[in-house]
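Chemist: Sharing run03.pdb, PDB, C-alpha atoms, pLDDT in the B column:
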ATOM      1  CA  MET A   4      -0.901   6.673 -23.531  1.00 94.00           C
ATOM      2  CA  TYR A   5      -0.345   9.275 -20.814  1.00 96.00           C
ATOM      3  CA  ILE A   6      -2.058   8.775 -17.452  1.00 97.00           C
ATOM      4  CA  THR A   7      -2.151  10.988 -14.379  1.00 97.00           C
ATOM      5  CA  PRO A   8      -3.302   8.874 -11.420  1.00 97.00           C
ATOM      6  CA  SER A   9      -4.885  10.161  -8.217  1.00 96.00           C
ATOM      7  CA  SER A  10      -2.465  11.749  -5.790  1.00 97.00           C
ATOM      8  CA  LYS A  11      -3.189   8.965  -3.300  1.00 97.00           C
ATOM      9  CA  ILE A  12      -3.463   5.472  -4.766  1.00 98.00           C
ATOM     10  CA  TYR A  13      -5.207   3.341  -2.153  1.00 97.00           C
ATOM     11  CA  VAL A  14      -6.913   0.024  -2.921  1.00 95.00           C
ATOM     12  CA  ASP A  15      -9.993   1.535  -4.572  1.00 95.00           C
ATOM     13  CA  GLU A  16      -7.968   3.990  -6.647  1.00 96.00           C
ATOM     14  CA  ALA A  17      -5.713   1.131  -7.768  1.00 97.00           C
ATOM     15  CA  THR A  18      -8.781  -0.814  -8.885  1.00 96.00           C
ATOM     16  CA  VAL A  19     -10.138   2.206 -10.784  1.00 96.00           C
ATOM     17  CA  LEU A  20      -6.754   2.702 -12.436  1.00 97.00           C
ATOM     18  CA  ARG A  21      -6.680  -0.905 -13.619  1.00 96.00           C
ATOM     19  CA  GLU A  22     -10.242  -0.716 -14.910  1.00 97.00           C
ATOM     20  CA  LYS A  23      -9.410   2.431 -16.864  1.00 96.00           C
ATOM     21  CA  ILE A  24      -6.303   0.937 -18.483  1.00 97.00           C
ATOM     22  CA  ILE A  25      -7.558  -2.566 -19.338  1.00 95.00           C
ATOM     23  CA  PRO A  26      -9.742  -1.448 -22.279  1.00 96.00           C
ATOM     24  CA  TYR A  27      -6.732   0.295 -23.816  1.00 96.00           C
ATOM     25  CA  LEU A  28      -4.573  -2.796 -23.391  1.00 95.00           C
ATOM     26  CA  GLU A  29      -7.297  -4.827 -25.059  1.00 94.00           C
ATOM     27  CA  LYS A  30      -7.399  -2.337 -27.936  1.00 95.00           C
ATOM     28  CA  GLY A  31      -3.675  -2.883 -28.434  1.00 94.00           C
ATOM     29  CA  TYR A  32      -2.157   0.076 -26.643  1.00 96.00           C
ATOM     30  CA  LYS A  33       1.234  -1.006 -25.365  1.00 95.00           C
ATOM     31  CA  ASN A  34       3.156   2.082 -24.275  1.00 97.00           C
ATOM     32  CA  PHE A  35       2.074   3.793 -21.090  1.00 97.00           C
ATOM     33  CA  THR A  36       3.498   6.777 -19.267  1.00 97.00           C
ATOM     34  CA  PHE A  37       2.266   7.495 -15.764  1.00 98.00           C
ATOM     35  CA  ASN A  38       2.666  11.002 -14.405  1.00 98.00           C
ATOM     36  CA  PHE A  39       3.575  10.495 -10.771  1.00 98.00           C
ATOM     37  CA  SER A  40       4.615  14.078 -10.064  1.00 97.00           C
ATOM     38  CA  SER A  41       1.616  14.580  -7.761  1.00 97.00           C
ATOM     39  CA  VAL A  42       1.386  11.075  -6.332  1.00 98.00           C
ATOM     40  CA  THR A  43       2.102  11.116  -2.629  1.00 97.00           C
ATOM     41  CA  TYR A  44       0.868   7.673  -1.646  1.00 97.00           C
ATOM     42  CA  ILE A  45       0.926   4.184  -3.096  1.00 98.00           C
ATOM     43  CA  ASP A  46       1.031   0.759  -1.486  1.00 96.00           C
ATOM     44  CA  SER A  47       1.231  -2.830  -2.692  1.00 96.00           C
ATOM     45  CA  SER A  48      -2.244  -2.691  -4.240  1.00 96.00           C
ATOM     46  CA  GLY A  49      -1.169   0.133  -6.552  1.00 97.00           C
ATOM     47  CA  LEU A  50       2.184  -1.479  -7.246  1.00 97.00           C
ATOM     48  CA  ALA A  51       0.370  -4.695  -8.191  1.00 96.00           C
ATOM     49  CA  VAL A  52      -1.731  -2.853 -10.762  1.00 97.00           C
ATOM     50  CA  LEU A  53       1.335  -1.213 -12.291  1.00 97.00           C
ATOM     51  CA  ILE A  54       3.088  -4.576 -12.496  1.00 97.00           C
ATOM     52  CA  SER A  55       0.084  -6.231 -14.142  1.00 96.00           C
ATOM     53  CA  ILE A  56      -0.038  -3.409 -16.714  1.00 96.00           C
ATOM     54  CA  TYR A  57       3.686  -3.781 -17.314  1.00 96.00           C
ATOM     55  CA  LYS A  58       3.420  -7.524 -17.848  1.00 95.00           C
ATOM     56  CA  ARG A  59       0.680  -7.155 -20.428  1.00 95.00           C
ATOM     57  CA  ALA A  60       2.440  -4.291 -22.212  1.00 95.00           C
ATOM     58  CA  ASP A  61       5.753  -6.111 -22.186  1.00 94.00           C
ATOM     59  CA  LYS A  62       4.195  -9.164 -23.898  1.00 94.00           C
ATOM     60  CA  THR A  63       3.487  -7.029 -26.958  1.00 93.00           C
ATOM     61  CA  GLY A  64       6.814  -5.224 -26.920  1.00 95.00           C
ATOM     62  CA  GLY A  65       5.522  -2.167 -25.097  1.00 96.00           C
ATOM     63  CA  GLU A  66       6.894  -0.312 -22.117  1.00 95.00           C
ATOM     64  CA  VAL A  67       5.735   1.419 -18.974  1.00 96.00           C
ATOM     65  CA  LYS A  68       7.338   4.682 -17.920  1.00 97.00           C
ATOM     66  CA  ILE A  69       6.840   6.493 -14.676  1.00 97.00           C
ATOM     67  CA  HIS A  70       7.488  10.187 -14.867  1.00 96.00           C
ATOM     68  CA  GLY A  71       8.020  12.640 -12.032  1.00 97.00           C
ATOM     69  CA  ILE A  72       8.215  10.121  -9.211  1.00 97.00           C
ATOM     70  CA  ASN A  73       9.567  11.723  -6.054  1.00 95.00           C
ATOM     71  CA  GLY A  74       9.823  11.682  -2.275  1.00 95.00           C
ATOM     72  CA  LYS A  75       8.630   8.739  -0.228  1.00 96.00           C
ATOM     73  CA  VAL A  76       6.919   7.152  -3.222  1.00 97.00           C
ATOM     74  CA  LYS A  77      10.261   7.064  -5.025  1.00 96.00           C
ATOM     75  CA  GLN A  78      11.821   5.493  -1.953  1.00 96.00           C
ATOM     76  CA  LEU A  79       9.116   2.841  -1.970  1.00 96.00           C
ATOM     77  CA  PHE A  80       9.875   1.945  -5.586  1.00 96.00           C
ATOM     78  CA  GLU A  81      13.569   1.681  -4.736  1.00 95.00           C
ATOM     79  CA  LEU A  82      12.917  -0.413  -1.652  1.00 95.00           C
ATOM     80  CA  THR A  83      10.783  -2.859  -3.643  1.00 95.00           C
ATOM     81  CA  ARG A  84      13.304  -2.689  -6.541  1.00 94.00           C
ATOM     82  CA  LEU A  85      10.506  -1.835  -8.922  1.00 95.00           C
ATOM     83  CA  ASN A  86      12.734   0.934 -10.215  1.00 93.00           C
ATOM     84  CA  LYS A  87      14.432  -1.957 -12.090  1.00 93.00           C
ATOM     85  CA  ILE A  88      11.197  -2.834 -13.881  1.00 93.00           C
ATOM     86  CA  PHE A  89       9.733   0.487 -14.881  1.00 95.00           C
ATOM     87  CA  ILE A  90      11.465   3.216 -16.857  1.00 94.00           C
ATOM     88  CA  ILE A  91      11.645   5.994 -14.310  1.00 93.00           C
ATOM     89  CA  ASP A  92      12.430   9.555 -15.337  1.00 85.00           C
TER
ATOM     90  CA  MET B   9      -4.265  10.587  23.192  1.00 80.00           C
ATOM     91  CA  THR B  10      -2.545   7.223  23.417  1.00 93.00           C
ATOM     92  CA  PHE B  11      -5.232   4.921  22.111  1.00 94.00           C
ATOM     93  CA  CYS B  12      -7.240   4.655  18.921  1.00 97.00           C
ATOM     94  CA  ASN B  13      -9.736   1.994  17.914  1.00 98.00           C
ATOM     95  CA  VAL B  14     -11.789   1.678  14.746  1.00 98.00           C
ATOM     96  CA  LYS B  15     -13.963  -1.072  13.326  1.00 97.00           C
ATOM     97  CA  PHE B  16     -15.075  -1.358   9.756  1.00 97.00           C
ATOM     98  CA  LYS B  17     -16.652  -3.772   7.344  1.00 95.00           C
ATOM     99  CA  SER B  18     -15.359  -2.680   3.958  1.00 94.00           C
ATOM    100  CA  ILE B  19     -12.555  -0.956   2.109  1.00 94.00           C
ATOM    101  CA  SER B  20     -14.726   2.081   1.431  1.00 94.00           C
ATOM    102  CA  GLU B  21     -15.795   2.340   5.067  1.00 96.00           C
ATOM    103  CA  TYR B  22     -12.178   2.316   6.221  1.00 96.00           C
ATOM    104  CA  TYR B  23     -10.690   4.616   3.601  1.00 96.00           C
ATOM    105  CA  ASN B  24     -13.646   7.023   3.390  1.00 95.00           C
ATOM    106  CA  ASN B  25     -14.662   7.187   7.047  1.00 95.00           C
ATOM    107  CA  LYS B  26     -12.294   5.649   9.539  1.00 97.00           C
ATOM    108  CA  LYS B  27      -8.846   6.329   8.131  1.00 96.00           C
ATOM    109  CA  THR B  28      -8.950  10.019   9.048  1.00 96.00           C
ATOM    110  CA  VAL B  29      -9.229   9.010  12.708  1.00 97.00           C
ATOM    111  CA  VAL B  30      -6.127   6.849  12.325  1.00 97.00           C
ATOM    112  CA  ASP B  31      -4.276   9.557  10.386  1.00 95.00           C
ATOM    113  CA  ASP B  32      -5.075  12.125  13.099  1.00 95.00           C
ATOM    114  CA  PHE B  33      -3.802   9.748  15.762  1.00 95.00           C
ATOM    115  CA  LEU B  34      -0.565   9.084  13.860  1.00 95.00           C
ATOM    116  CA  ALA B  35      -0.029  12.801  13.256  1.00 93.00           C
ATOM    117  CA  GLN B  36      -0.332  13.355  16.969  1.00 92.00           C
ATOM    118  CA  VAL B  37       2.061  10.624  18.094  1.00 92.00           C
ATOM    119  CA  LEU B  38       4.664  10.918  15.356  1.00 90.00           C
ATOM    120  CA  ASP B  39       6.856  13.952  14.989  1.00 79.00           C
ATOM    121  CA  ARG B  40       7.893  12.939  11.510  1.00 81.00           C
ATOM    122  CA  ASN B  41       6.426  11.863   8.199  1.00 83.00           C
ATOM    123  CA  THR B  42       3.926   9.050   8.636  1.00 91.00           C
ATOM    124  CA  PHE B  43       4.151   7.652   5.104  1.00 95.00           C
ATOM    125  CA  PHE B  44       5.889   4.322   5.784  1.00 95.00           C
ATOM    126  CA  LEU B  45       3.809   3.561   8.843  1.00 95.00           C
ATOM    127  CA  GLU B  46       0.685   4.462   6.900  1.00 96.00           C
ATOM    128  CA  VAL B  47       1.725   1.947   4.232  1.00 97.00           C
ATOM    129  CA  ALA B  48       2.335  -0.779   6.840  1.00 97.00           C
ATOM    130  CA  ILE B  49      -1.068  -0.181   8.424  1.00 97.00           C
ATOM    131  CA  SER B  50      -2.821  -0.156   5.040  1.00 97.00           C
ATOM    132  CA  GLU B  51      -1.160  -3.444   4.123  1.00 96.00           C
ATOM    133  CA  ALA B  52      -2.393  -5.027   7.361  1.00 96.00           C
ATOM    134  CA  VAL B  53      -5.866  -3.554   6.924  1.00 97.00           C
ATOM    135  CA  ASN B  54      -6.124  -4.640   3.279  1.00 95.00           C
ATOM    136  CA  ASN B  55      -5.040  -8.176   4.164  1.00 93.00           C
ATOM    137  CA  GLY B  56      -7.525  -8.248   7.034  1.00 93.00           C
ATOM    138  CA  LEU B  57     -10.395  -7.106   4.817  1.00 92.00           C
ATOM    139  CA  TYR B  58      -9.411  -9.586   2.119  1.00 88.00           C
ATOM    140  CA  HIS B  59      -9.509 -12.525   4.524  1.00 85.00           C
ATOM    141  CA  SER B  60     -12.355 -11.422   6.789  1.00 83.00           C
ATOM    142  CA  PHE B  61     -16.003 -12.419   6.860  1.00 84.00           C
ATOM    143  CA  GLY B  62     -17.006  -8.814   7.085  1.00 83.00           C
ATOM    144  CA  GLU B  63     -15.430  -7.099  10.050  1.00 92.00           C
ATOM    145  CA  VAL B  64     -11.978  -5.805  10.855  1.00 96.00           C
ATOM    146  CA  GLU B  65     -10.824  -4.045  13.989  1.00 97.00           C
ATOM    147  CA  LEU B  66      -7.786  -1.777  14.061  1.00 98.00           C
ATOM    148  CA  THR B  67      -6.309  -0.666  17.350  1.00 98.00           C
ATOM    149  CA  LEU B  68      -3.360   1.622  17.882  1.00 98.00           C
ATOM    150  CA  ARG B  69      -1.820   2.114  21.301  1.00 97.00           C
ATOM    151  CA  LEU B  70       1.168   4.171  22.323  1.00 96.00           C
ATOM    152  CA  SER B  71       2.978   2.765  25.335  1.00 95.00           C
ATOM    153  CA  LYS B  72       4.813   4.799  27.944  1.00 93.00           C
ATOM    154  CA  SER B  73       8.056   3.466  26.498  1.00 93.00           C
ATOM    155  CA  LYS B  74       7.123   5.119  23.190  1.00 93.00           C
ATOM    156  CA  LYS B  75       6.340   1.930  21.338  1.00 95.00           C
ATOM    157  CA  LEU B  76       3.403   2.028  18.979  1.00 97.00           C
ATOM    158  CA  PHE B  77       1.373  -1.174  18.996  1.00 98.00           C
ATOM    159  CA  ILE B  78      -0.882  -1.609  15.980  1.00 98.00           C
ATOM    160  CA  ARG B  79      -3.258  -4.535  16.025  1.00 98.00           C
ATOM    161  CA  VAL B  80      -5.401  -5.591  13.094  1.00 97.00           C
ATOM    162  CA  LYS B  81      -7.872  -8.366  13.761  1.00 96.00           C
ATOM    163  CA  ASP B  82     -10.392  -9.812  11.345  1.00 94.00           C
ATOM    164  CA  ASN B  83     -13.172 -12.318  11.860  1.00 90.00           C
ATOM    165  CA  GLY B  84     -12.012 -14.648   9.120  1.00 89.00           C
ATOM    166  CA  THR B  85     -10.398 -18.030   9.440  1.00 86.00           C
ATOM    167  CA  GLY B  86      -6.929 -16.658   8.804  1.00 85.00           C
ATOM    168  CA  PHE B  87      -4.228 -18.078   6.588  1.00 82.00           C
ATOM    169  CA  ASP B  88      -1.302 -20.480   6.859  1.00 83.00           C
ATOM    170  CA  VAL B  89       1.110 -18.067   8.532  1.00 82.00           C
ATOM    171  CA  LYS B  90       3.976 -20.514   8.963  1.00 82.00           C
ATOM    172  CA  HIS B  91       3.914 -21.599   5.319  1.00 81.00           C
ATOM    173  CA  HIS B  92       3.578 -18.074   4.016  1.00 81.00           C
ATOM    174  CA  LEU B  93       6.373 -16.629   6.114  1.00 81.00           C
ATOM    175  CA  HIS B  94       8.650 -19.531   5.235  1.00 80.00           C
ATOM    176  CA  LYS B  95       7.925 -18.965   1.554  1.00 78.00           C
ATOM    177  CA  LEU B  96       8.628 -15.248   1.969  1.00 76.00           C
ATOM    178  CA  LYS B  97      11.908 -15.942   3.715  1.00 76.00           C
ATOM    179  CA  ASN B  98      13.100 -18.037   0.765  1.00 76.00           C
ATOM    180  CA  ASN B  99      11.630 -15.913  -2.005  1.00 74.00           C
ATOM    181  CA  THR B 100      11.486 -12.274  -1.074  1.00 84.00           C
ATOM    182  CA  PRO B 101       9.570  -9.959  -3.425  1.00 86.00           C
ATOM    183  CA  VAL B 102      12.781  -8.031  -4.173  1.00 88.00           C
ATOM    184  CA  GLN B 103      14.617 -10.971  -5.688  1.00 86.00           C
ATOM    185  CA  ASP B 104      14.982 -10.715  -9.467  1.00 84.00           C
ATOM    186  CA  SER B 105      12.852 -13.837  -9.938  1.00 85.00           C
ATOM    187  CA  GLU B 106      10.006 -12.400  -7.862  1.00 86.00           C
ATOM    188  CA  LEU B 107       9.884  -8.793  -9.067  1.00 89.00           C
ATOM    189  CA  LEU B 108       7.060  -9.413 -11.517  1.00 89.00           C
ATOM    190  CA  LYS B 109       4.860 -11.203  -9.012  1.00 87.00           C
ATOM    191  CA  VAL B 110       1.704  -9.213  -8.511  1.00 86.00           C
ATOM    192  CA  SER B 111       1.109 -10.260  -4.913  1.00 84.00           C
ATOM    193  CA  GLY B 112       3.278 -10.789  -1.864  1.00 84.00           C
ATOM    194  CA  ARG B 113       4.572  -7.325  -1.126  1.00 91.00           C
ATOM    195  CA  GLY B 114       2.203  -6.531   1.728  1.00 92.00           C
ATOM    196  CA  ILE B 115       3.876  -8.667   4.357  1.00 90.00           C
ATOM    197  CA  PHE B 116       7.302  -7.632   3.060  1.00 92.00           C
ATOM    198  CA  LEU B 117       6.446  -3.944   3.485  1.00 94.00           C
ATOM    199  CA  MET B 118       4.990  -4.436   6.963  1.00 95.00           C
ATOM    200  CA  ASP B 119       8.195  -6.165   7.923  1.00 93.00           C
ATOM    201  CA  LYS B 120      10.347  -3.412   6.413  1.00 93.00           C
ATOM    202  CA  PHE B 121       8.559  -0.534   8.092  1.00 95.00           C
ATOM    203  CA  CYS B 122       7.947  -1.977  11.540  1.00 96.00           C
ATOM    204  CA  ASP B 123      10.297  -3.281  14.188  1.00 96.00           C
ATOM    205  CA  GLN B 124       8.201  -6.367  14.806  1.00 96.00           C
ATOM    206  CA  VAL B 125       5.388  -8.138  12.972  1.00 95.00           C
ATOM    207  CA  VAL B 126       3.660 -10.886  14.943  1.00 95.00           C
ATOM    208  CA  TYR B 127       0.777 -13.055  13.781  1.00 95.00           C
ATOM    209  CA  ASN B 128      -1.474 -15.152  15.943  1.00 94.00           C
ATOM    210  CA  LYS B 129      -1.571 -18.866  15.183  1.00 91.00           C
ATOM    211  CA  ALA B 130      -4.761 -18.668  13.124  1.00 90.00           C
ATOM    212  CA  GLY B 131      -3.423 -15.844  10.997  1.00 91.00           C
ATOM    213  CA  ASN B 132      -6.419 -13.558  11.521  1.00 94.00           C
ATOM    214  CA  GLU B 133      -4.648 -11.123  13.795  1.00 96.00           C
ATOM    215  CA  VAL B 134      -1.414  -9.235  13.277  1.00 96.00           C
ATOM    216  CA  LEU B 135       0.468  -7.027  15.676  1.00 98.00           C
ATOM    217  CA  LEU B 136       2.836  -4.405  14.267  1.00 97.00           C
ATOM    218  CA  VAL B 137       5.239  -2.798  16.683  1.00 97.00           C
ATOM    219  CA  LYS B 138       7.119   0.387  15.959  1.00 96.00           C
ATOM    220  CA  ARG B 139       9.552   2.078  18.322  1.00 94.00           C
ATOM    221  CA  LEU B 140       9.123   5.796  18.098  1.00 90.00           C
ATOM    222  CA  VAL B 141      12.273   6.936  19.873  1.00 72.00           C
ATOM    223  CA  CYS B 142      15.653   7.046  18.128  1.00 57.00           C
TER
END
Could you write out this structure as structure tokens?
Modeler:
Amino acid sequence: MYITPSSKIYVDEATVLREKIIPYLEKGYKNFTFNFSSVTYIDSSGLAVLISIYKRADKTGGEVKIHGINGKVKQLFELTRLNKIFIID
Amino acid sequence: MTFCNVKFKSISEYYNNKKTVVDDFLAQVLDRNTFFLEVAISEAVNNGLYHSFGEVELTLRLSKSKKLFIRVKDNGTGFDVKHHLHKLKNNTPVQDSELLKVSGRGIFLMDKFCDQVVYNKAGNEVLLVKRLVC
């Protein structure tokens, strides 16, 4: 499944993202690719949602990719070492 | 402008109405990208809203010595600061064993992006300090 999140993922946007993805996880979708090429903001609330999606996908042998991550957002992933969890390209 | 104060009662009120005031203030006092400071402030605000009984106050003040003081105060009962910080010291969110934890990054990020993070005893007020001169 290919998802393009909002350019700024604050708390509310993170909640909306989770609510959009959960039904697909429940249907059995397990591979997710997030297009981060236009994302210019994310904080721990957004990171938490991505991690929770990863954990559920990983349980069924799926994977979470993050495509197009750049700039300060990329630095944030590196600082939190979440670049070790997600497949980043 | 060296002072900015906003009060809000919900996530939507802060992010839809009040945040632009804070962003304008930061743009004025910082001559560089505000991303990391914006993250630190959002972490403090989100924690404050999570623990509050309905009101959070955010104050930013630029001192003459070019230190930015950011205070987030909520009207909740706080949290066990000592225990939480001790736990964080021993198990940082960037350790391999902690990477998949969903929570716990907020305080870590505030600490990373600010020069000082100080809580009051009750845990319902945090002061972030950021030196703006190199």
Chemist: Residues picked by the PyMOL selection byres ((chain A and resi 58) around 12) here, as a tab-separated table (two decimals) with C-alpha atoms, keeping the file's coordinate frame?
Modeler:
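That gives us selection11.tsv:
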chain	number	residue	atom	x	y	z
A	28	LEU	CA	-4.57	-2.80	-23.39
A	33	LYS	CA	1.23	-1.01	-25.36
A	34	ASN	CA	3.16	2.08	-24.28
A	35	PHE	CA	2.07	3.79	-21.09
A	51	ALA	CA	0.37	-4.70	-8.19
A	52	VAL	CA	-1.73	-2.85	-10.76
A	53	LEU	CA	1.34	-1.21	-12.29
A	54	ILE	CA	3.09	-4.58	-12.50
A	55	SER	CA	0.08	-6.23	-14.14
A	56	ILE	CA	-0.04	-3.41	-16.71
A	57	TYR	CA	3.69	-3.78	-17.31
A	59	ARG	CA	0.68	-7.16	-20.43
A	60	ALA	CA	2.44	-4.29	-22.21
A	61	ASP	CA	5.75	-6.11	-22.19
A	62	LYS	CA	4.20	-9.16	-23.90
A	63	THR	CA	3.49	-7.03	-26.96
A	64	GLY	CA	6.81	-5.22	-26.92
A	65	GLY	CA	5.52	-2.17	-25.10
A	66	GLU	CA	6.89	-0.31	-22.12
A	67	VAL	CA	5.74	1.42	-18.97
A	88	ILE	CA	11.20	-2.83	-13.88
A	89	PHE	CA	9.73	0.49	-14.88
B	107	LEU	CA	9.88	-8.79	-9.07
B	108	LEU	CA	7.06	-9.41	-11.52
B	109	LYS	CA	4.86	-11.20	-9.01
B	110	VAL	CA	1.70	-9.21	-8.51
Chemist: List the neighbours of range 75-81 of chain B out to 9 Å using only C-alpha atoms; skip same-chain residues closer than 3 positions along the sequence, and give me the result as a list of chain:residue names.
Modeler: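 Everything that qualifies: B:Val37, B:Ile49, B:Ala52, B:Val53, B:Gly56, B:Ser60, B:Glu63, B:Val64, B:Glu65, B:Leu66, B:Thr67, B:Leu68, B:Arg69, B:Leu70, B:Ser71, B:Lys72, B:Gly84, B:Asn132, B:Glu133, B:Val134, B:Leu135, B:Leu136, B:Val137, B:Lys138, B:Arg139, B:Leu140, B:Val141.
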Chemist: Here is a test: counting only C-alpha atoms, which residue of B:Phe61, B:Phe87, B:Phe33, B:Phe116 is nearest to chain A?
Modeler: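 Smallest separation from chain A among the options: B:Phe116.
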Chemist: Using all atoms listed in the file, find which residues of chain B lie within 6 Å of chain A and jot them down as an MDAnalysis selection string.
Modeler: chainID B and resid 47 102 110 113:114
Chemist: So that I have them on file, write out the residues from the current selection with C-alpha atoms, as a PDB file, in the frame of the given file.
Modeler:
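Done, and the output landed in part39.pdb:
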ATOM      1  CA  VAL B  47       1.725   1.947   4.232  1.00 97.00           C
ATOM      2  CA  VAL B 102      12.781  -8.031  -4.173  1.00 88.00           C
ATOM      3  CA  VAL B 110       1.704  -9.213  -8.511  1.00 86.00           C
ATOM      4  CA  ARG B 113       4.572  -7.325  -1.126  1.00 91.00           C
ATOM      5  CA  GLY B 114       2.203  -6.531   1.728  1.00 92.00           C
TER       6      GLY B 114
END
Chemist: I need the output of the PyMOL selection byres ((chain A and resi 7) around 6) for this file as a list in words; which residues are they?
Modeler: Ile6, Pro8, Phe37 and Asn38 of chain A
Chemist: If I take CA of Lys74 in chain B and CA of Thr10 in chain B, how far is one from the other in Å, to one decimal?
Modeler: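 We find that CA of Lys74 in chain B and CA of Thr10 in chain B lie 9.9 Å from each other.
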Chemist: I need the output of the PyMOL selection byres ((chain B and resi 121) around 8) for this file as a PyMOL selection string; which residues are they?
Modeler: chain B and resi 44-45+48+117-120+122-123
Chemist: Give me, please, the distance in Å between CA of Asn41 in chain B and CA of Ile91 in chain A, quoted to one decimal.
Modeler: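 Atom-to-atom, CA of Asn41 in chain B to CA of Ile91 in chain A, that is 23.8 Å.
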Chemist: Between CA of Lys77 in chain A and CA of Asn25 in chain B, measure the distance and give it in Å to one decimal.
Modeler: 27.7 Å
Chemist: List the spatial neighbours of Met9 in chain B as a PyMOL selection string - criterion: any atom at most 8 Å away, only C-alpha atoms, same-chain residues fewer than 2 positions off excluded.
Modeler: chain B and resi 11-12+33+36
